[in-house]
Amino acid sequence: MLSSFPLLLFVLAAISIPAVTAFQHIPLLLTSVKKSTSFPNSDTLPRMSTSDTPDNAVTQKLATLLVHGPDRGGIVAAFSQLLYGHGCGIFDSEQSTDRSCNLFFQRIHFDYSTMHTDRITLESSIKEVCERFSMTSSVNWNQKKKQVAIMVSKYDHVLWELLLRHQAGELECDIAVIISNHPDLKKVADSFGIPFEVFKITKATKADQEKKELDLMRDTYSIDLVILARYMQIISDDFCTAFHHRVINIHHSFLPAFIGGKPYHRAHERGVKLIGATAHYATAELDEGPIIEQDITRISHRDEVDDLLRKGRTLEKNVLVHAVKAHLEDRIIVYGNKCVVFGD
């Protein structure tokens with residue numbers, strides 16, 4: 001308001017009002033200016049609310065592109081330009097290189113809500129770029145949730161963890177069915193409203209029962225992923241082939257030191273200082289599939305067998321959930337007998 005003084009004095013001088021009189025009238029003039037002038041403030045400025053969102057606002061549609069192949073210059077730029085050329089925006093991207101075999105890996109999470117072509121055209125363009133760079137690719141448009149089957153026996157700690165994490169919204173999938181060779185855990189499945197199927201298995205019936213399990217998963221539930229949540233049966237080569245790199249198993253990390261029953265008891269007898277858990281894709285080679293996730297915890301002389309079992313169960317639950325989550329989110333590329341697991 002002080003910046004107005006020179007102007008007021010100039011006006012008063014122009015109309016021949018004495019300076020003393022002018023200063024006597026300044027408070028009155030300023031009051032008049034204040035009353036006659038409207039200044040915007042925080043209470044009068046328009047506010048943007050969620051209801052002001054334009055009717056034609058586009059909701060994000062996120063897809064995932066996985067590519068891998070020989071490492072060479074220009075790959076990242078090629079796929080970035082391709083997506084931009086089709087009107088897609090890159091949401092996030094991560095890449096890695098295995099220098100020992102000169103292989104390049106990339107995961108691109110992109111928004112196709114503004115795509116001005118179509119999915120078939122984009123996939124054709126991706127194929128052309130992959131052929132130019134001798135690469136392999138896969139695209140998940142995330143149109144539907146993956147259908148999951150959980151296989152269990154009598155141990156329930158891993159099953160509970162999966163179901164509770166799914167209920168909490170941490171696992172983006174539909175758990176379509178729980179399959180077991182024992183009826184013991186039916187009450188757990190019932191409490192979550194999930195179908196529970198029992199296939200009792202003996203040496204004589206194993207092949208026939210497994211065929212029925214596969215038929216159920218493929219024909220009735222269209223299963224995308226099978227989780228062996230401490231399922232105490234060895235699945236066949238045919239099973240692994242039917243769900244190639246789509247069966248995740250969890251077990252302790254004592255192999256091959258303590259093969260067989262009661263590994264924690266034998267580990268305690270040996271005085272081990274570390275115990276761990278491993279989640280991997282099941283293959284025809286028993287417990288030799290590509291490793292997805294692992295973790296360990298320390299053990300001391302003060303720990304009894306029950307302590308090892310308790311700590312081991314915690315590791316198994318967390319490791320399996322992390323592996324399953326990575327698979328569901330298309331963060332895994334399998335090559336050889338190894339996995340690249342991109343960050344979440």
# chains A, B, ... in the order shown; residues from 1 in each chain; ligands from 1
$ residues_around --residues "Asp307 (chain A)" --least-positions-apart "3" --cutoff "12 Å" --atoms "only C-alpha atoms" --output "VMD selection string"
chain A and resid 264 to 265 267 to 268 275 297 to 304 310 to 314
$ residues_around --residues "Gln106 (chain A)" --least-positions-apart "5" --cutoff "9 Å" --atoms "only C-alpha atoms" --output "PyMOL selection string"
chain A and resi 65-68+76+93-97+333+342
$ closest_residue --among "A:Ile235, A:Val305, A:Val152, A:Ala242" --to "Glu285 (chain A)" --atoms "only C-alpha atoms"
A:Ile235
$ residues_around --residues "Ile150 (chain A)" --least-positions-apart "2" --cutoff "10 Å" --atoms "only C-alpha atoms" --output "ChimeraX atom specification"
/A:148,152,159,162-163,175-180,196,225-231,247-248
$ write_last_selection --atoms "N, CA, C and O atoms" --output "compact mmCIF listing (two decimals), in the first residue's frame"
# COMPACT_ATOMS: atom_id res chain seq x y z
N VAL A 148 -4.70 -69.11 -10.77
CA VAL A 148 -3.69 -69.82 -9.97
C VAL A 148 -4.31 -71.04 -9.29
O VAL A 148 -5.43 -70.98 -8.76
N VAL A 152 -1.22 -78.51 -2.10
CA VAL A 152 -0.74 -78.65 -0.72
C VAL A 152 -0.88 -80.09 -0.26
O VAL A 152 -1.57 -80.90 -0.89
N LEU A 159 0.33 -72.09 2.83
CA LEU A 159 -1.01 -71.88 2.28
C LEU A 159 -1.67 -70.66 2.93
O LEU A 159 -2.23 -69.80 2.23
N LEU A 162 -0.16 -67.39 1.60
CA LEU A 162 -0.60 -67.05 0.25
C LEU A 162 -2.02 -66.50 0.25
O LEU A 162 -2.32 -65.49 -0.40
N LEU A 163 -2.90 -67.16 0.99
CA LEU A 163 -4.31 -66.75 1.00
C LEU A 163 -4.49 -65.39 1.67
O LEU A 163 -5.28 -64.56 1.21
N ILE A 175 -7.16 -66.98 -7.25
CA ILE A 175 -6.85 -68.34 -6.79
C ILE A 175 -8.07 -69.18 -7.07
O ILE A 175 -9.08 -69.11 -6.35
N ALA A 176 -7.99 -69.96 -8.13
CA ALA A 176 -9.17 -70.66 -8.65
C ALA A 176 -9.48 -71.95 -7.89
O ALA A 176 -10.65 -72.30 -7.71
N VAL A 177 -8.45 -72.66 -7.43
CA VAL A 177 -8.66 -73.96 -6.80
C VAL A 177 -7.46 -74.33 -5.95
O VAL A 177 -6.33 -73.91 -6.21
N ILE A 178 -7.72 -75.10 -4.90
CA ILE A 178 -6.67 -75.69 -4.07
C ILE A 178 -6.78 -77.20 -4.21
O ILE A 178 -7.85 -77.78 -4.02
N ILE A 179 -5.66 -77.83 -4.53
CA ILE A 179 -5.62 -79.28 -4.77
C ILE A 179 -4.71 -79.92 -3.73
O ILE A 179 -3.63 -79.40 -3.44
N SER A 180 -5.16 -81.06 -3.20
CA SER A 180 -4.36 -81.73 -2.17
C SER A 180 -4.48 -83.25 -2.31
O SER A 180 -5.42 -83.77 -2.90
N PHE A 196 -11.89 -76.84 -3.07
CA PHE A 196 -10.84 -77.71 -2.57
C PHE A 196 -11.06 -79.10 -3.14
O PHE A 196 -12.11 -79.71 -2.93
N LEU A 225 -0.82 -70.59 -13.52
CA LEU A 225 0.31 -70.81 -12.62
C LEU A 225 -0.06 -71.82 -11.55
O LEU A 225 -1.15 -71.74 -10.97
N VAL A 226 0.85 -72.76 -11.29
CA VAL A 226 0.67 -73.75 -10.23
C VAL A 226 1.70 -73.48 -9.14
O VAL A 226 2.90 -73.34 -9.42
N ILE A 227 1.23 -73.41 -7.89
CA ILE A 227 2.12 -73.18 -6.75
C ILE A 227 2.16 -74.44 -5.90
O ILE A 227 1.12 -74.90 -5.41
N LEU A 228 3.34 -74.98 -5.73
CA LEU A 228 3.52 -76.14 -4.85
C LEU A 228 3.84 -75.61 -3.46
O LEU A 228 4.98 -75.31 -3.13
N ALA A 229 2.79 -75.46 -2.64
CA ALA A 229 2.91 -74.87 -1.31
C ALA A 229 3.16 -75.97 -0.28
O ALA A 229 2.28 -76.33 0.49
N ARG A 230 4.37 -76.50 -0.31
CA ARG A 230 4.75 -77.66 0.51
C ARG A 230 3.88 -78.86 0.14
O ARG A 230 3.35 -79.56 1.00
N TYR A 231 3.79 -79.11 -1.15
CA TYR A 231 3.10 -80.29 -1.68
C TYR A 231 4.10 -81.44 -1.66
O TYR A 231 5.11 -81.40 -2.37
N VAL A 247 5.30 -73.62 -12.86
CA VAL A 247 5.12 -74.32 -11.58
C VAL A 247 6.21 -73.82 -10.64
O VAL A 247 7.40 -73.96 -10.91
N ILE A 248 5.80 -73.21 -9.53
CA ILE A 248 6.77 -72.69 -8.57
C ILE A 248 6.76 -73.55 -7.32
O ILE A 248 5.71 -73.81 -6.72
$ closest_residue --among "A:Leu309, A:Ala189, A:Val340, A:Ile223" --to "Asp174 (chain A)" --atoms "only C-alpha atoms"
A:Ile223
